[in-house]
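S.K.: This is the structure, below, for whatever I ask next.
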Amino acid sequence: MKGKTLLIVLATALLSSARMEACTNVIVTKGASADGSVMVTYSADSHQLYGECYFSAAGRFAPKTWLEIVEWDSGKRIGQIAQVPQTYQTVGNMNQYQVTITETTFGGREELSHQSGASIDYGSLIYITLQRAKSAREAIETIATLMDEYGYASAGESFSVADKNEAWIMEIIGKGEGYKGAVWAAARIPDGYICSHANQSRIHHIDFADKENWLYSEDVVDFARTKGYFAGEDKDFSFCDAYNPLDFSGARACEARVWSAFNILTDGNFNGRKADEWLDFAMGLDVDGEKMPLYVKATKPVTFRALADVMRDHYEGTPMDMTADAGAGGHHTPYRWRPMYFQYEGKSYLNERAIATQQTGFWILCQSRSWLPDVLGGVLWIGMDDAATSALTPVYTNVKEVPQPIRVGNGNMITYSETSQFWINNRVAQFAYLLYDRVAPVVREKILAHEDGCLEDVKVLEEQALKILGSDPGKKQIDKVRSILTDFSNKKSWELLNTWKDLDRFLMVKFMDGNVKEQNPDGSFKTIETSATIPTLTQPGYSEQWKRAVSKDLPEHMIAK
């Protein structure tokens, strides 16, 4: 490495706020997953986003019906589009046919982010497309058609687009004022490979001759030439270089997360080369160096557990480890409150932006499974708030309703709800942030217990559902299975809510006032011999790093004699 400091001095500019609070996706193809499912993860990260599970029932509409478009980020009405005769059910970022669409915002060139008259934004584009597409390819075509017809009202986006057989990364950016629509490119991820994106455009060279594995707008190169972003031959064109040129922040706050996901899932093997070869690039120390691969080959089957835990990463064990520097405080806390930068004595410093972060609204792990019928194959594992301190719970994409603890309208960012998973998760997370090295292991035990228990229960449930469906299921059998899936998803959601409520109370009792109450093997609290209510406790103190850092700043009179 060219440098190992965890706080990097910025010589010229600070990170934009958009990049500081944006999202992370990891895509696993069916040949790379342990069970043959296509998996996509997504953390919806924003300080203003309330965690809930969006739901839209399938519907039929009369001719000349119009659909009002409300911008996802602002809640502002921005236009209307023609409704289609039939729409499909969506649960979160999946639909009833096991199609998944998720995103990360890369922004790109500022002059392309505003388009007067455009009536569809990136969020609406996702959820409307899910209502209209039965496959990943159809979804990409639908996205392109909607942008051509109604314009594109957002900044640059990377989309994960997947179904039960294929997975794609699609990148789009608007054309700006005086134009309509967007330019875009989409690459199919080869089976057996893993892809990721995190708020930085990742598509470089497009294989224009490979129509099976590459899709793109006809003017993707010519528009760049028109705007002066590119002047070479088609074969040398780079989508990223033209529309979202990489800088320090794009590497350190964005590509670093991709590097970490790849590093974890491949044990440091990027298509036969060591991950460390791209470490300087990821850390922003070699921005002009060789770019990371768009996707990497799986070196071992990716399990549900491995993928879920990637979303809980804080760069542990790497030079960017957020638990290891003085900023982690006395309890190895891998969080830095915003803003991400600070200034001291005329210099600007940057804290890390890891995959797991405090400002997550919701996060998901989507599974599409080709060996199961669509009514049973799609399952959205969803968690609320910070992935590192929350558990995923399964919601099938063909449920009849979303469970109340994660339902839209059950609380909001300024209204607390006793039945909201988002709010109880935030209570637990806030406690963990104070005493991370003590509390996080306790929370981790509860996460594993819920998720592993759900994985086992899912197997039993699906065996029963397949028996009900039989070889030629009719409407009655399908409806019965949907009811069973609804009851199961609801049960697991309530179990998780109640478990986290109990956990919240337990953490208060065990770790109150910085003490740690000791427990017996059966989980009960130990007490002194003369009383059944006075606990025995320990006071572990602070980390050695904290002691070293603080001791350098203490005045002479604080030294014990």
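Following the order of the structure tokens, chains are lettered A, B, ..., residues in each are numbered from 1, and ligands are numbered from 1.
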If you run DSSP on the backbone, which residues of segment 55-249 of chain A are strand (DSSP E), as a PyMOL selection string?
M.R.: chain A and resi 55-56+59-60+66-70+77-82+86-87+90-91+94-95+100-107+156-162+167-174+182-188+193-197+214-216
S.K.: By how many Å are atom CA of Arg109 of chain A and atom CA of Asp210 of chain A apart?
M.R.: 27.6 Å
S.K.: Kindly give the distance, in Å, that separates atom CA of Leu350 of chain A and atom CA of Trp278 of chain A, rounded to a single decimal.
M.R.: 20.0 Å
S.K.: What are the closest atom pairs, with distances in Å to one decimal, for each residue of segment 82-167 of chain A lying within 8 Å of segment 21-42 of chain A, using only C-alpha atoms, rows by chain and rising residue number, as a tab-separated table?
M.R.:
residue	atom	partner	partner_atom	distance
A:Thr100	CA	A:Val40	CA	7.5
A:Thr102	CA	A:Tyr42	CA	6.4
A:Glu103	CA	A:Asn25	CA	7.0
A:Thr104	CA	A:Cys23	CA	5.1
A:Thr105	CA	A:Ala22	CA	6.6
A:Ser160	CA	A:Ile27	CA	7.2
A:Ala162	CA	A:Val38	CA	7.4
A:Asp163	CA	A:Val38	CA	7.1
A:Lys164	CA	A:Val38	CA	5.9
A:Asn165	CA	A:Lys30	CA	6.8
A:Glu166	CA	A:Thr29	CA	6.9
A:Ala167	CA	A:Thr29	CA	6.2
S.K.: Identify, on the basis of only C-alpha atoms, every residue whose closest approach to segment 411-423 of chain A does not exceed 12 Å; exclude the query and any residue fewer than 3 positions from it along the same chain; express the result as an MDAnalysis selection string.
M.R.: chainID A and resid 46:53 359:363 382:387 389:393 403:408 426:430 492:501 504
S.K.: Go through A:Gly284, A:Gly117, A:Gly181, A:Gly176 and flag the residue nearest Asp219 of chain A, using only C-alpha atoms for the distances.
M.R.: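 Nearest to Asp219 of chain A: A:Gly181.
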S.K.: Tell me, as an MDAnalysis selection string, which residues lie within 9 Å of Lys517 of chain A, counting only C-alpha atoms; anything in the same chain fewer than 5 positions away does not count.
M.R.: chainID A and resid 509:512 525:527 535:539
S.K.: Smallest atom-to-atom distance to Ile206 of chain A: which of A:Ala153, A:Val402, A:Leu294, A:Met283, using only C-alpha atoms?
M.R.: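 Smallest distance to Ile206 of chain A is found for A:Leu294.
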S.K.: Write down as a VMD selection string the residues belonging to segment 84-290 of chain A that are assigned alpha helix (DSSP H) by DSSP computed on the backbone.
M.R.: chain A and resid 122 to 130 136 to 150 222 to 227 239 to 243 248 to 250 256 to 266 279 to 282
S.K.: Please provide as a ChimeraX atom specification all residues within 6 Å of segment 318-331 of chain A, with the sequence filter that same-chain residues fewer than 5 positions apart are discarded (counting only C-alpha atoms).
M.R.: /A:6,435-437,542-543,546
S.K.: Let me make sure I understand: among A:Tyr97, A:Trp259, A:Phe55, A:Tyr88, which one has the smallest atom-to-atom distance to Leu376 of chain A if we use only C-alpha atoms?
M.R.: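 Of all the options, A:Tyr97 lies closest to Leu376 of chain A.
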S.K.: Using only C-alpha atoms, which protein or nucleic acid residues come within 7 Å of segment 472-489 of chain A? Drop anything in the same chain fewer than 3 positions from it, and give the result as a ChimeraX atom specification.
M.R.: /A:394-396,398-401,403,465,468-469,492-493
S.K.: Keeping only all heavy atoms, write those residues as a short mmCIF file (atom, residue, chain, number, x, y, z; two decimals), in the first residue's frame.
M.R.:
data_model
loop_
_atom_site.label_atom_id
_atom_site.label_comp_id
_atom_site.auth_asym_id
_atom_site.auth_seq_id
_atom_site.Cartn_x
_atom_site.Cartn_y
_atom_site.Cartn_z
N PRO A 394 -38.02 -13.65 6.86
CA PRO A 394 -38.51 -13.94 5.51
C PRO A 394 -39.94 -13.47 5.26
O PRO A 394 -40.82 -13.63 6.11
CB PRO A 394 -38.44 -15.47 5.47
CG PRO A 394 -38.64 -15.90 6.89
CD PRO A 394 -38.01 -14.84 7.74
N VAL A 395 -40.14 -12.88 4.09
CA VAL A 395 -41.47 -12.52 3.61
C VAL A 395 -41.56 -13.04 2.17
O VAL A 395 -40.82 -12.58 1.30
CB VAL A 395 -41.72 -11.00 3.65
CG1 VAL A 395 -43.13 -10.70 3.15
CG2 VAL A 395 -41.52 -10.46 5.05
N TYR A 396 -42.45 -13.97 1.93
CA TYR A 396 -42.59 -14.52 0.57
C TYR A 396 -43.24 -13.49 -0.35
O TYR A 396 -44.09 -12.69 0.08
CB TYR A 396 -43.42 -15.80 0.61
CG TYR A 396 -42.62 -17.00 1.08
CD1 TYR A 396 -42.46 -17.24 2.45
CD2 TYR A 396 -42.02 -17.86 0.18
CE1 TYR A 396 -41.72 -18.32 2.90
CE2 TYR A 396 -41.27 -18.94 0.62
CZ TYR A 396 -41.13 -19.17 1.98
OH TYR A 396 -40.39 -20.24 2.42
N ASN A 398 -45.39 -13.84 -2.59
CA ASN A 398 -46.78 -14.09 -2.93
C ASN A 398 -47.69 -14.08 -1.71
O ASN A 398 -48.78 -14.66 -1.72
CB ASN A 398 -46.92 -15.40 -3.70
CG ASN A 398 -46.66 -15.21 -5.19
OD1 ASN A 398 -47.53 -14.75 -5.93
ND2 ASN A 398 -45.46 -15.54 -5.62
N VAL A 399 -47.25 -13.41 -0.64
CA VAL A 399 -48.12 -13.24 0.52
C VAL A 399 -49.31 -12.36 0.14
O VAL A 399 -49.26 -11.59 -0.83
CB VAL A 399 -47.37 -12.60 1.71
CG1 VAL A 399 -46.30 -13.53 2.25
CG2 VAL A 399 -46.77 -11.25 1.31
N LYS A 400 -50.37 -12.46 0.93
CA LYS A 400 -51.55 -11.65 0.66
C LYS A 400 -51.47 -10.28 1.32
O LYS A 400 -52.20 -9.36 0.94
CB LYS A 400 -52.80 -12.40 1.15
CG LYS A 400 -53.05 -13.68 0.37
CD LYS A 400 -54.33 -14.38 0.83
CE LYS A 400 -54.61 -15.62 0.00
NZ LYS A 400 -55.86 -16.30 0.43
N GLU A 401 -50.59 -10.16 2.30
CA GLU A 401 -50.35 -8.87 2.95
C GLU A 401 -49.00 -8.91 3.64
O GLU A 401 -48.45 -9.98 3.92
CB GLU A 401 -51.45 -8.56 3.97
CG GLU A 401 -51.52 -9.55 5.12
CD GLU A 401 -52.62 -9.21 6.12
OE1 GLU A 401 -53.42 -8.32 5.83
OE2 GLU A 401 -52.64 -9.85 7.19
N PRO A 403 -46.57 -8.27 6.89
CA PRO A 403 -46.75 -8.27 8.35
C PRO A 403 -46.75 -6.86 8.93
O PRO A 403 -46.02 -5.97 8.46
CB PRO A 403 -45.53 -9.07 8.85
CG PRO A 403 -45.15 -9.94 7.70
CD PRO A 403 -45.44 -9.13 6.47
N ALA A 465 -45.85 -27.00 1.43
CA ALA A 465 -46.48 -26.24 0.34
C ALA A 465 -46.41 -27.01 -0.98
O ALA A 465 -47.38 -27.00 -1.76
CB ALA A 465 -45.79 -24.89 0.20
N ILE A 468 -49.10 -29.59 -1.15
CA ILE A 468 -50.41 -29.00 -1.42
C ILE A 468 -50.55 -28.64 -2.90
O ILE A 468 -51.59 -28.87 -3.52
CB ILE A 468 -50.61 -27.73 -0.55
CG1 ILE A 468 -50.69 -28.12 0.92
CG2 ILE A 468 -51.87 -26.98 -0.97
CD1 ILE A 468 -50.65 -26.94 1.87
N LEU A 469 -49.48 -28.10 -3.48
CA LEU A 469 -49.53 -27.69 -4.88
C LEU A 469 -49.65 -28.87 -5.83
O LEU A 469 -50.35 -28.80 -6.84
CB LEU A 469 -48.29 -26.86 -5.23
CG LEU A 469 -48.20 -25.47 -4.59
CD1 LEU A 469 -46.83 -24.85 -4.85
CD2 LEU A 469 -49.30 -24.55 -5.13
N LYS A 492 -43.27 -15.09 11.72
CA LYS A 492 -41.83 -14.85 11.90
C LYS A 492 -41.54 -13.37 12.17
O LYS A 492 -40.64 -13.03 12.93
CB LYS A 492 -41.05 -15.34 10.68
CG LYS A 492 -41.04 -16.85 10.55
CD LYS A 492 -40.45 -17.48 11.80
CE LYS A 492 -40.57 -18.98 11.82
NZ LYS A 492 -40.07 -19.57 13.10
N SER A 493 -42.30 -12.50 11.54
CA SER A 493 -42.11 -11.07 11.76
C SER A 493 -42.45 -10.69 13.20
O SER A 493 -41.71 -9.94 13.85
CB SER A 493 -42.97 -10.27 10.78
OG SER A 493 -42.77 -8.89 10.93
#
S.K.: Which distance in Å separates atom CA of Phe61 of chain A and atom CA of Glu138 of chain A, to one decimal?
M.R.: 20.5 Å
S.K.: Using only C-alpha atoms for the distances, tell me which of A:Gly92, A:Gly108, A:Gly123, A:Gly59 is nearest to Ile172 of chain A.
M.R.: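 Of the candidates, the smallest distance to Ile172 of chain A is held by A:Gly108.
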